[in-house]
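Trainee: Next comes the structure file my_file17.txt, holding compact mmCIF, C-alpha atoms and all ligand atoms.
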# COMPACT_ATOMS: atom_id res chain seq x y z
CA MET A 208 25.62 -6.83 42.53
CA SER A 209 23.50 -6.81 39.38
CA VAL A 210 25.01 -6.81 35.92
CA TYR A 211 23.11 -4.77 33.37
CA GLN A 212 24.09 -5.98 29.93
CA ALA A 213 22.31 -6.88 26.69
CA THR A 214 23.24 -8.02 23.18
CA ALA A 215 21.21 -7.54 20.01
CA SER A 216 21.87 -7.82 16.32
CA ALA A 217 20.32 -6.18 13.27
CA PRO A 218 20.59 -6.98 9.58
CA VAL A 219 21.26 -4.80 6.56
CA ASN A 220 18.30 -3.57 4.51
CA ILE A 221 18.29 -2.75 0.79
CA ALA A 222 15.83 -0.14 -0.47
CA VAL A 223 13.62 -0.70 -3.48
CA ILE A 224 12.30 2.88 -3.23
CA LYS A 225 15.35 4.97 -2.37
CA TYR A 226 15.76 7.54 0.37
CA TRP A 227 17.84 10.38 -1.04
CA GLY A 228 17.54 13.86 0.44
CA LYS A 229 16.89 15.41 3.85
CA ARG A 230 14.53 18.24 4.71
CA ASP A 231 16.10 18.42 8.20
CA THR A 232 19.73 17.31 8.50
CA LYS A 233 19.86 17.33 12.31
CA LEU A 234 16.73 15.25 12.95
CA ILE A 235 17.33 13.28 9.72
CA LEU A 236 13.93 13.90 8.17
CA PRO A 237 13.74 12.77 4.54
CA THR A 238 12.38 14.56 1.47
CA ASN A 239 10.54 11.38 0.43
CA SER A 240 9.24 8.13 1.88
CA SER A 241 11.19 4.95 1.10
CA LEU A 242 10.69 1.19 1.20
CA SER A 243 13.16 -1.62 1.72
CA VAL A 244 13.63 -5.32 2.21
CA THR A 245 15.48 -6.42 5.33
CA LEU A 246 17.95 -9.17 4.53
CA ASP A 247 17.91 -12.19 6.75
CA GLN A 248 21.42 -13.38 6.52
CA ASP A 249 24.04 -14.23 9.05
CA HIS A 250 26.78 -12.68 6.91
CA LEU A 251 25.35 -9.19 6.86
CA ARG A 252 24.64 -8.16 10.41
CA SER A 253 25.81 -5.86 13.12
CA THR A 254 25.87 -7.24 16.65
CA THR A 255 26.06 -4.90 19.60
CA THR A 256 26.51 -5.43 23.32
CA SER A 257 25.69 -2.63 25.76
CA ARG A 258 26.45 -2.49 29.43
CA ALA A 259 25.43 0.07 32.04
CA ASP A 260 27.39 0.36 35.27
CA PRO A 261 27.67 3.03 37.99
CA SER A 262 31.47 2.67 37.93
CA PHE A 263 31.77 3.80 34.27
CA THR A 264 32.98 7.37 33.91
CA LYS A 265 31.93 8.08 30.30
CA ASP A 266 29.83 6.61 27.51
CA THR A 267 32.23 4.68 25.28
CA LEU A 268 31.83 2.81 22.01
CA TRP A 269 34.09 0.29 20.31
CA LEU A 270 33.42 -0.43 16.65
CA ASN A 271 35.02 -3.67 15.44
CA GLY A 272 37.33 -3.56 18.46
CA LYS A 273 38.49 0.05 17.97
CA GLU A 274 37.29 2.89 20.15
CA ASP A 275 35.09 5.30 18.17
CA GLU A 276 34.72 8.86 19.37
CA ILE A 277 31.27 9.84 20.63
CA LYS A 278 31.21 13.46 19.49
CA PRO A 279 29.06 15.89 21.47
CA GLY A 280 25.93 16.62 19.44
CA GLY A 281 26.83 13.86 16.97
CA ARG A 282 24.64 10.98 15.79
CA LEU A 283 25.93 8.44 18.31
CA GLU A 284 25.48 10.79 21.23
CA THR A 285 21.97 11.65 20.05
CA CYS A 286 20.92 7.98 19.89
CA ILE A 287 22.37 7.16 23.32
CA ARG A 288 20.82 10.29 24.87
CA GLU A 289 17.38 9.62 23.34
CA MET A 290 17.42 6.01 24.54
CA LYS A 291 18.28 7.11 28.09
CA LYS A 292 15.49 9.69 27.93
CA LEU A 293 13.00 7.01 26.85
CA ARG A 294 14.15 4.72 29.68
CA LYS A 295 13.60 7.50 32.21
CA GLU A 296 10.16 8.52 30.88
CA ILE A 297 8.74 5.06 30.27
CA ILE A 298 10.28 2.99 33.05
CA GLU A 299 11.97 4.96 35.83
CA ASP A 300 9.45 7.81 36.20
CA LYS A 301 6.63 5.26 36.44
CA ASP A 302 8.26 2.74 38.76
CA ALA A 303 10.31 4.10 41.65
CA SER A 304 11.85 0.67 42.28
CA ALA A 305 13.31 0.35 38.75
CA PRO A 306 17.10 0.74 38.66
CA LYS A 307 18.13 4.20 37.45
CA LEU A 308 20.03 2.89 34.44
CA SER A 309 19.45 6.16 32.58
CA GLU A 310 21.87 7.79 35.02
CA TYR A 311 24.67 5.28 34.43
CA LYS A 312 27.24 5.61 31.67
CA VAL A 313 27.22 2.87 29.04
CA HIS A 314 29.93 0.85 27.35
CA ILE A 315 28.97 -0.36 23.89
CA ALA A 316 30.82 -2.83 21.65
CA SER A 317 29.63 -3.32 18.07
CA TYR A 318 30.81 -5.70 15.35
CA ASN A 319 29.93 -5.88 11.66
CA ASN A 320 30.52 -9.33 10.22
CA PHE A 321 31.07 -7.85 6.74
CA PRO A 322 33.59 -5.27 5.50
CA THR A 323 32.46 -1.80 6.55
CA ALA A 324 34.00 -0.39 3.39
CA ALA A 325 32.06 -2.64 1.03
CA GLY A 326 29.30 -0.07 0.67
CA LEU A 327 26.74 -2.44 2.09
CA ALA A 328 24.83 -0.12 4.37
CA SER A 329 26.86 -0.78 7.51
CA SER A 330 25.40 2.36 9.12
CA ALA A 331 21.87 0.97 8.73
CA SER A 332 22.53 -2.29 10.55
CA GLY A 333 24.96 -0.57 12.93
CA PHE A 334 22.56 2.03 14.31
CA ALA A 335 19.66 -0.44 14.32
CA ALA A 336 21.74 -2.89 16.40
CA LEU A 337 22.85 -0.09 18.74
CA VAL A 338 19.28 1.02 19.39
CA SER A 339 18.04 -2.58 19.74
CA SER A 340 20.72 -3.45 22.26
CA LEU A 341 20.04 -0.36 24.37
CA ALA A 342 16.31 -1.13 24.10
CA GLN A 343 16.92 -4.56 25.61
CA LEU A 344 19.26 -3.20 28.26
CA TYR A 345 16.62 -0.64 29.27
CA SER A 346 13.62 -3.03 28.98
CA LEU A 347 12.13 -0.91 26.19
CA VAL A 348 10.72 -3.86 24.28
CA PRO A 349 7.26 -4.79 22.96
CA PRO A 350 4.56 -4.40 24.09
CA VAL A 351 5.93 -1.47 26.16
CA VAL A 352 7.75 0.08 23.20
CA SER A 353 7.16 -0.78 19.53
CA PRO A 354 9.85 -1.10 16.84
CA SER A 355 8.28 1.99 15.20
CA THR A 356 9.01 4.05 18.33
CA LEU A 357 12.59 2.78 18.38
CA SER A 358 12.84 3.58 14.66
CA LEU A 359 12.39 7.29 15.53
CA ILE A 360 15.67 7.08 17.44
CA ALA A 361 17.58 4.82 14.99
CA ARG A 362 16.59 7.31 12.25
CA GLN A 363 18.62 9.99 14.03
CA GLY A 364 21.70 7.74 13.79
CA SER A 365 21.32 7.09 10.07
CA GLY A 366 18.13 7.51 8.07
CA SER A 367 18.12 4.06 6.52
CA ALA A 368 18.75 2.46 9.95
CA CYS A 369 15.12 3.06 10.96
CA ARG A 370 14.03 0.44 8.42
CA SER A 371 16.24 -2.31 9.93
CA LEU A 372 14.12 -2.38 13.12
CA TYR A 373 11.65 -4.60 11.25
CA GLY A 374 12.24 -7.72 9.17
CA GLY A 375 10.56 -8.31 5.83
CA PHE A 376 9.17 -5.41 3.77
CA VAL A 377 9.41 -2.07 5.53
CA ALA A 378 8.34 1.48 4.72
CA TRP A 379 9.85 4.63 6.19
CA GLU A 380 7.08 7.17 6.10
CA GLN A 381 8.56 10.62 5.59
CA GLY A 382 6.06 12.27 7.95
CA GLN A 383 4.92 15.89 7.99
CA LEU A 384 5.73 17.21 11.45
CA ALA A 385 8.71 19.48 12.11
CA ASP A 386 9.75 17.54 15.23
CA GLY A 387 9.99 14.28 13.25
CA SER A 388 7.61 12.38 15.53
CA ASP A 389 5.75 10.93 12.52
CA SER A 390 8.83 10.07 10.44
CA LEU A 391 9.09 6.38 11.28
CA ALA A 392 9.30 2.83 10.00
CA ILE A 393 6.24 0.63 9.59
CA GLU A 394 5.94 -2.99 8.53
CA VAL A 395 4.40 -3.42 5.07
CA ALA A 396 4.54 -7.23 5.24
CA PRO A 397 6.57 -9.72 7.26
CA GLN A 398 9.10 -11.93 5.50
CA SER A 399 6.78 -14.92 5.99
CA HIS A 400 4.25 -13.24 3.69
CA TRP A 401 6.56 -13.65 0.65
CA PRO A 402 9.43 -15.98 1.56
CA ASP A 403 9.98 -16.77 -2.13
CA ILE A 404 11.92 -13.51 -2.66
CA HIS A 405 15.70 -13.71 -2.49
CA ALA A 406 18.42 -11.12 -2.77
CA LEU A 407 21.67 -11.77 -4.60
CA ILE A 408 24.48 -9.46 -3.69
CA CYS A 409 27.13 -9.01 -6.35
CA VAL A 410 30.02 -7.12 -4.85
CA VAL A 411 31.58 -5.37 -7.80
CA SER A 412 34.06 -3.44 -5.70
CA ASP A 413 34.80 -3.45 -2.00
CA THR A 414 36.66 -0.15 -1.94
CA LYS A 415 35.15 2.69 0.04
CA LYS A 416 32.82 4.89 -1.98
CA GLY A 417 33.99 8.30 -3.09
CA THR A 418 30.99 10.36 -2.02
CA SER A 419 29.24 9.40 1.22
CA SER A 420 25.45 9.14 1.20
CA THR A 421 25.20 11.91 3.76
CA SER A 422 27.16 14.52 1.79
CA GLY A 423 25.99 13.29 -1.63
CA MET A 424 22.30 13.59 -0.83
CA GLN A 425 22.78 17.06 0.63
CA ARG A 426 24.46 18.20 -2.55
CA THR A 427 21.57 16.74 -4.55
CA VAL A 428 19.03 18.64 -2.40
CA GLU A 429 20.95 21.88 -3.00
CA THR A 430 21.54 21.56 -6.74
CA SER A 431 19.22 19.09 -8.49
CA THR A 432 16.00 20.25 -10.14
CA LEU A 433 15.20 16.65 -11.10
CA LEU A 434 15.00 15.77 -7.38
CA GLN A 435 11.94 18.02 -7.00
CA HIS A 436 10.20 16.10 -9.78
CA ARG A 437 11.15 12.80 -8.14
CA ILE A 438 9.84 13.87 -4.74
CA LYS A 439 6.54 15.30 -5.97
CA ASN A 440 5.58 13.31 -9.02
CA VAL A 441 7.40 9.99 -8.88
CA VAL A 442 7.90 8.53 -5.40
CA PRO A 443 4.39 8.85 -3.85
CA ALA A 444 2.75 6.79 -6.63
CA ARG A 445 5.56 4.24 -6.53
CA MET A 446 5.28 3.81 -2.76
CA ALA A 447 1.59 2.98 -3.12
CA ALA A 448 2.06 0.72 -6.14
CA ILE A 449 4.96 -1.31 -4.74
CA SER A 450 3.19 -1.78 -1.39
CA THR A 451 0.23 -3.22 -3.29
CA ALA A 452 2.56 -5.39 -5.39
CA ILE A 453 4.14 -6.79 -2.21
CA LYS A 454 0.73 -7.48 -0.69
CA ASN A 455 -0.35 -9.26 -3.90
CA LYS A 456 3.02 -11.02 -4.34
CA ASP A 457 3.08 -9.51 -7.83
CA PHE A 458 6.73 -9.96 -8.83
CA ASP A 459 6.44 -8.27 -12.25
CA THR A 460 5.26 -4.99 -10.72
CA PHE A 461 7.72 -5.29 -7.81
CA ALA A 462 10.59 -5.80 -10.27
CA ARG A 463 9.56 -3.02 -12.65
CA ILE A 464 9.24 -0.44 -9.87
CA THR A 465 12.45 -1.54 -8.12
CA MET A 466 14.53 -1.10 -11.28
CA ALA A 467 12.79 2.15 -12.23
CA ASP A 468 13.47 3.63 -8.80
CA SER A 469 17.12 2.61 -8.83
CA ASN A 470 17.43 4.32 -12.22
CA SER A 471 15.64 7.42 -10.94
CA PHE A 472 17.92 7.66 -7.88
CA HIS A 473 21.07 7.39 -10.03
CA ALA A 474 19.58 9.95 -12.43
CA VAL A 475 19.24 12.53 -9.64
CA CYS A 476 22.84 11.76 -8.65
CA LEU A 477 23.88 12.59 -12.22
CA ASP A 478 21.72 15.74 -12.04
CA THR A 479 23.71 16.89 -8.98
CA GLU A 480 26.42 19.51 -9.29
CA PRO A 481 29.13 18.35 -9.53
CA PRO A 482 27.60 15.04 -10.71
CA ILE A 483 27.87 11.91 -8.57
CA PHE A 484 28.62 8.56 -10.21
CA TYR A 485 28.08 5.52 -8.04
CA MET A 486 27.81 2.81 -10.69
CA ASN A 487 30.79 1.68 -12.76
CA ASP A 488 31.10 -0.21 -16.06
CA VAL A 489 30.56 -3.59 -14.38
CA SER A 490 27.42 -2.28 -12.64
CA ARG A 491 26.04 -1.12 -15.98
CA ALA A 492 26.96 -4.42 -17.67
CA ILE A 493 25.03 -6.30 -14.97
CA ILE A 494 22.00 -4.07 -15.70
CA ASN A 495 22.20 -5.04 -19.38
CA VAL A 496 22.31 -8.74 -18.54
CA ILE A 497 19.26 -8.47 -16.29
CA VAL A 498 17.35 -6.41 -18.86
CA GLU A 499 18.05 -9.03 -21.54
CA LEU A 500 17.12 -11.89 -19.20
CA ASN A 501 13.79 -10.22 -18.47
CA ARG A 502 13.16 -9.36 -22.11
CA LEU A 503 13.54 -12.99 -23.19
CA SER A 504 11.42 -14.23 -20.33
CA VAL A 505 8.62 -11.71 -20.98
CA GLU A 506 8.73 -12.68 -24.68
CA LYS A 507 8.11 -16.29 -23.68
CA GLY A 508 5.15 -15.13 -21.60
CA GLU A 509 6.88 -15.95 -18.33
CA GLY A 510 7.15 -12.44 -16.91
CA TYR A 511 10.09 -10.82 -15.12
CA LYS A 512 12.80 -12.95 -13.56
CA ALA A 513 14.98 -10.44 -11.75
CA ALA A 514 15.19 -6.86 -10.47
CA TYR A 515 18.46 -5.00 -10.00
CA THR A 516 19.01 -2.15 -7.59
CA TYR A 517 22.09 -0.09 -6.68
CA ASP A 518 22.74 2.04 -3.61
CA ALA A 519 25.46 4.65 -3.18
CA GLY A 520 28.11 2.37 -4.68
CA PRO A 521 28.76 0.03 -7.64
CA ASN A 522 27.52 -3.22 -6.05
CA ALA A 523 24.43 -4.85 -7.52
CA VAL A 524 21.64 -6.31 -5.45
CA ILE A 525 19.38 -8.56 -7.50
CA TYR A 526 15.97 -9.54 -6.21
CA ALA A 527 14.54 -12.73 -7.67
CA ARG A 528 12.28 -15.66 -6.88
CA GLU A 529 13.64 -18.94 -5.55
CA LYS A 530 12.98 -20.83 -8.80
CA ASP A 531 15.19 -18.44 -10.82
CA ILE A 532 18.09 -17.95 -8.40
CA LYS A 533 20.33 -20.71 -9.74
CA GLU A 534 19.99 -19.54 -13.32
CA ILE A 535 20.77 -15.95 -12.35
CA ILE A 536 23.88 -16.88 -10.38
CA GLN A 537 25.13 -18.94 -13.33
CA LEU A 538 24.33 -16.12 -15.72
CA VAL A 539 26.13 -13.47 -13.69
CA LEU A 540 29.20 -15.69 -13.31
CA ALA A 541 29.19 -16.71 -16.98
CA TYR A 542 28.86 -13.17 -18.32
CA PHE A 543 31.77 -11.69 -16.44
CA PRO A 544 34.76 -13.94 -17.13
CA GLN A 545 36.63 -10.98 -18.63
CA THR A 546 36.18 -9.07 -15.38
CA ALA A 547 37.16 -12.12 -13.35
CA GLY A 548 39.88 -10.21 -11.49
CA GLU A 549 37.51 -7.58 -10.32
CA PHE A 550 34.59 -9.87 -9.89
CA LYS A 551 36.47 -12.65 -8.18
CA ASP A 552 37.74 -10.30 -5.51
CA VAL A 553 34.31 -9.31 -4.93
CA LEU A 554 33.05 -12.78 -4.66
CA GLY A 555 36.01 -13.45 -2.43
CA VAL A 556 34.72 -10.97 0.05
CA PHE A 557 31.97 -13.34 0.94
CA GLY A 558 33.85 -16.55 0.48
CA GLY A 559 33.84 -17.31 -3.21
CA SER A 560 30.25 -17.32 -4.29
CA VAL A 561 27.60 -14.80 -5.09
CA GLN A 562 25.58 -14.36 -1.96
CA ASP A 563 22.15 -15.84 -2.03
CA VAL A 564 20.38 -14.10 0.75
CA ASN A 565 16.99 -15.00 2.04
CA VAL A 566 15.08 -11.95 3.19
CA HIS A 567 14.47 -11.62 6.88
C1 LIG A 601 21.26 5.15 -1.28
O1 LIG A 601 20.89 6.24 5.52
O2 LIG A 601 23.29 6.08 4.76
O3 LIG A 601 21.25 3.65 0.57
O4 LIG A 601 20.78 9.29 6.79
O5 LIG A 601 22.84 10.44 6.00
O6 LIG A 601 23.03 8.31 7.31
P1 LIG A 601 22.18 9.13 6.32
O7 LIG A 601 22.17 8.32 4.94
P2 LIG A 601 21.98 6.77 4.68
O8 LIG A 601 21.51 6.81 3.15
C2 LIG A 601 21.11 5.67 2.45
C3 LIG A 601 20.92 6.01 1.02
C4 LIG A 601 20.65 4.84 0.08
C5 LIG A 601 19.16 4.65 -0.16
C6 LIG A 601 18.37 3.95 0.93
O9 LIG A 601 18.90 3.13 1.69
O10 LIG A 601 17.15 4.22 0.96
Turn this file's structure into structure tokens for me.

Mentor:
Amino acid sequence: MSVYQATASAPVNIAVIKYWGKRDTKLILPTNSSLSVTLDQDHLRSTTTSRADPSFTKDTLWLNGKEDEIKPGGRLETCIREMKKLRKEIIEDKDASAPKLSEYKVHIASYNNFPTAAGLASSASGFAALVSSLAQLYSLVPPVVSPSTLSLIARQGSGSACRSLYGGFVAWEQGQLADGSDSLAIEVAPQSHWPDIHALICVVSDTKKGTSSTSGMQRTVETSTLLQHRIKNVVPARMAAISTAIKNKDFDTFARITMADSNSFHAVCLDTEPPIFYMNDVSRAIINVIVELNRLSVEKGEGYKAAYTYDAGPNAVIYAREKDIKEIIQLVLAYFPQTAGEFKDVLGVFGGSVQDVNVH
């Protein structure tokens, strides 16, 4: 008897141009394109094993060892259904001898090796790993199926998940079509193009965030006038400029746009009714340290050293070049002795040091 089982893992990605707002909440179609860096780090991954078997009576998923409900019409069900559909269309309908795995129920076990509550985009790596593992189980791998095609399905699990199907620098093109078939991830540059870039993750708090991304962004779409300005006048030019900066390995431009877009995203959160605050006092203090570090460095004619960015939570991600990483870690640790309690916890989450993460 054959065993049909596959395991895949996917890393977290951190956006430098933020996705915030949906034009279609069911298909998860965004109101603007976004761009992220996929982190290549063993600490921040989801690993998922899928198995198909004729004896299984229902699709079942365990998340970190606990059974998670697969709600009818929900995101998990959509991803599993779409993957089975792709298997049928691309493999089984074309080859009568291929096993009819699309007709079997699946058992899926997924693990995050970082705290789900830490606000570190667990849904992005989680849905990307789920789709990747089903893709392997169903033989939907390159050159038969591209990561961009799989990203169409991961997107329907969680928008940001579509970008974790590629390593390196990845764009999620918002697309124009109502069915979402052009709203997908594309590779801007592989990690090997610019391996000098590192990400430092400073976990300021590992408590679960107050307002989820999903509900927060919907509230922003419904109430913020600033969001319309961001969508029309701000993001398109930034997408083009940061893609060029990545291609040219132009860190100054990359850093300037990354920080500006983080600020713009948190500004539209503040412009939401009622307002959403994701950053706390420590987050803002870290911004001041980075701004000062860059100011001194630019004054000396040495350009930018670091770029901060914040997602839907208080934790800082700092992008910097290899040569500056040590100094930045020392600086962050030196500047926050008074918040040692808070900061130490944070550092404790990942074993006592600020994470120095090489991009994927
Ligand atoms: C601030 O992808 O978690 O991290 O599509 O509703 O699942 P859903 O939202 P999600 O939102 C991520 C928002 C962000 C910015 C980003 O990653 O681009």

Trainee: Which residues of chain A sit at most 8 Å from ligand LIG 601 (chain A), using all atoms listed in the file? Give each one's shortest atom pair and distance in Å (one decimal place), in chain and ascending residue order, as a Markdown table.

Mentor:
| residue | atom | partner | partner_atom | distance |
| --- | --- | --- | --- | --- |
| A:Asn220 | CA | A:LIG601 | O9 | 7.3 |
| A:Ile221 | CA | A:LIG601 | O9 | 6.0 |
| A:Ala222 | CA | A:LIG601 | O10 | 4.8 |
| A:Val223 | CA | A:LIG601 | O10 | 7.5 |
| A:Ile224 | CA | A:LIG601 | O10 | 6.5 |
| A:Lys225 | CA | A:LIG601 | O10 | 3.9 |
| A:Tyr226 | CA | A:LIG601 | O10 | 3.6 |
| A:Trp227 | CA | A:LIG601 | C3 | 5.7 |
| A:Lys229 | CA | A:LIG601 | O4 | 7.8 |
| A:Thr232 | CA | A:LIG601 | O5 | 7.9 |
| A:Ile235 | CA | A:LIG601 | O4 | 6.0 |
| A:Ser241 | CA | A:LIG601 | O10 | 6.0 |
| A:Leu242 | CA | A:LIG601 | O10 | 7.1 |
| A:Ser243 | CA | A:LIG601 | O10 | 7.1 |
| A:Ala328 | CA | A:LIG601 | O2 | 6.4 |
| A:Ser330 | CA | A:LIG601 | O2 | 6.1 |
| A:Ala331 | CA | A:LIG601 | O1 | 6.2 |
| A:Arg362 | CA | A:LIG601 | O4 | 7.2 |
| A:Gln363 | CA | A:LIG601 | O4 | 7.6 |
| A:Gly364 | CA | A:LIG601 | O6 | 6.6 |
| A:Ser365 | CA | A:LIG601 | O6 | 3.5 |
| A:Gly366 | CA | A:LIG601 | O4 | 3.4 |
| A:Ser367 | CA | A:LIG601 | O1 | 3.7 |
| A:Ala368 | CA | A:LIG601 | O1 | 6.2 |
| A:Ser419 | CA | A:LIG601 | O2 | 7.7 |
| A:Ser420 | CA | A:LIG601 | O8 | 5.0 |
| A:Thr421 | CA | A:LIG601 | O5 | 3.6 |
| A:Ser422 | CA | A:LIG601 | O5 | 7.3 |
| A:Met424 | CA | A:LIG601 | O5 | 7.5 |
| A:Phe472 | CA | A:LIG601 | C1 | 7.8 |
| A:Tyr517 | CA | A:LIG601 | C1 | 7.6 |
| A:Asp518 | CA | A:LIG601 | C1 | 4.2 |
| A:Ala519 | CA | A:LIG601 | C1 | 4.6 |

Trainee: Smallest atom-to-atom distance to Ile536 (chain A): which of A:Ala513, A:Val348, A:Met466, A:Glu480, using all atoms listed in the file?

Mentor: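 So, comparing all the options, the nearest one is A:Ala513.
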
Trainee: Report as a PyMOL selection string all protein, DNA and RNA residues lying within 6 Å of Ala217 (chain A), evaluated on all atoms listed in the file, omitting residues in the same chain fewer than 6 positions from it.

Mentor: chain A and resi 252-253+332+335-336

Trainee: Quick one: which region 277-371 of chain A residues come within 6 Å of region 391-404 of chain A, and what is the nearest atom pair for each with the distance in Å to one decimal, counting only C-alpha atoms, rows ordered by chain and ascending number, as JSON lines?

Mentor:
{"residue": "A:Ser355", "atom": "CA", "partner": "A:Ala392", "partner_atom": "CA", "distance": 5.4}
{"residue": "A:Ser358", "atom": "CA", "partner": "A:Leu391", "partner_atom": "CA", "distance": 5.8}
{"residue": "A:Leu359", "atom": "CA", "partner": "A:Leu391", "partner_atom": "CA", "distance": 5.5}
{"residue": "A:Cys369", "atom": "CA", "partner": "A:Ala392", "partner_atom": "CA", "distance": 5.9}
{"residue": "A:Arg370", "atom": "CA", "partner": "A:Ala392", "partner_atom": "CA", "distance": 5.5}

Trainee: Distance CA of Pro350 (chain A)-CA of Thr267 (chain A), one decimal place?

Mentor: 29.1 Å

Trainee: I'd like the interatomic distance between CA of Ala361 (chain A) and CA of Asp386 (chain A), to a tenth of an Å.

Mentor: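 A separation of 14.9 Å between them.
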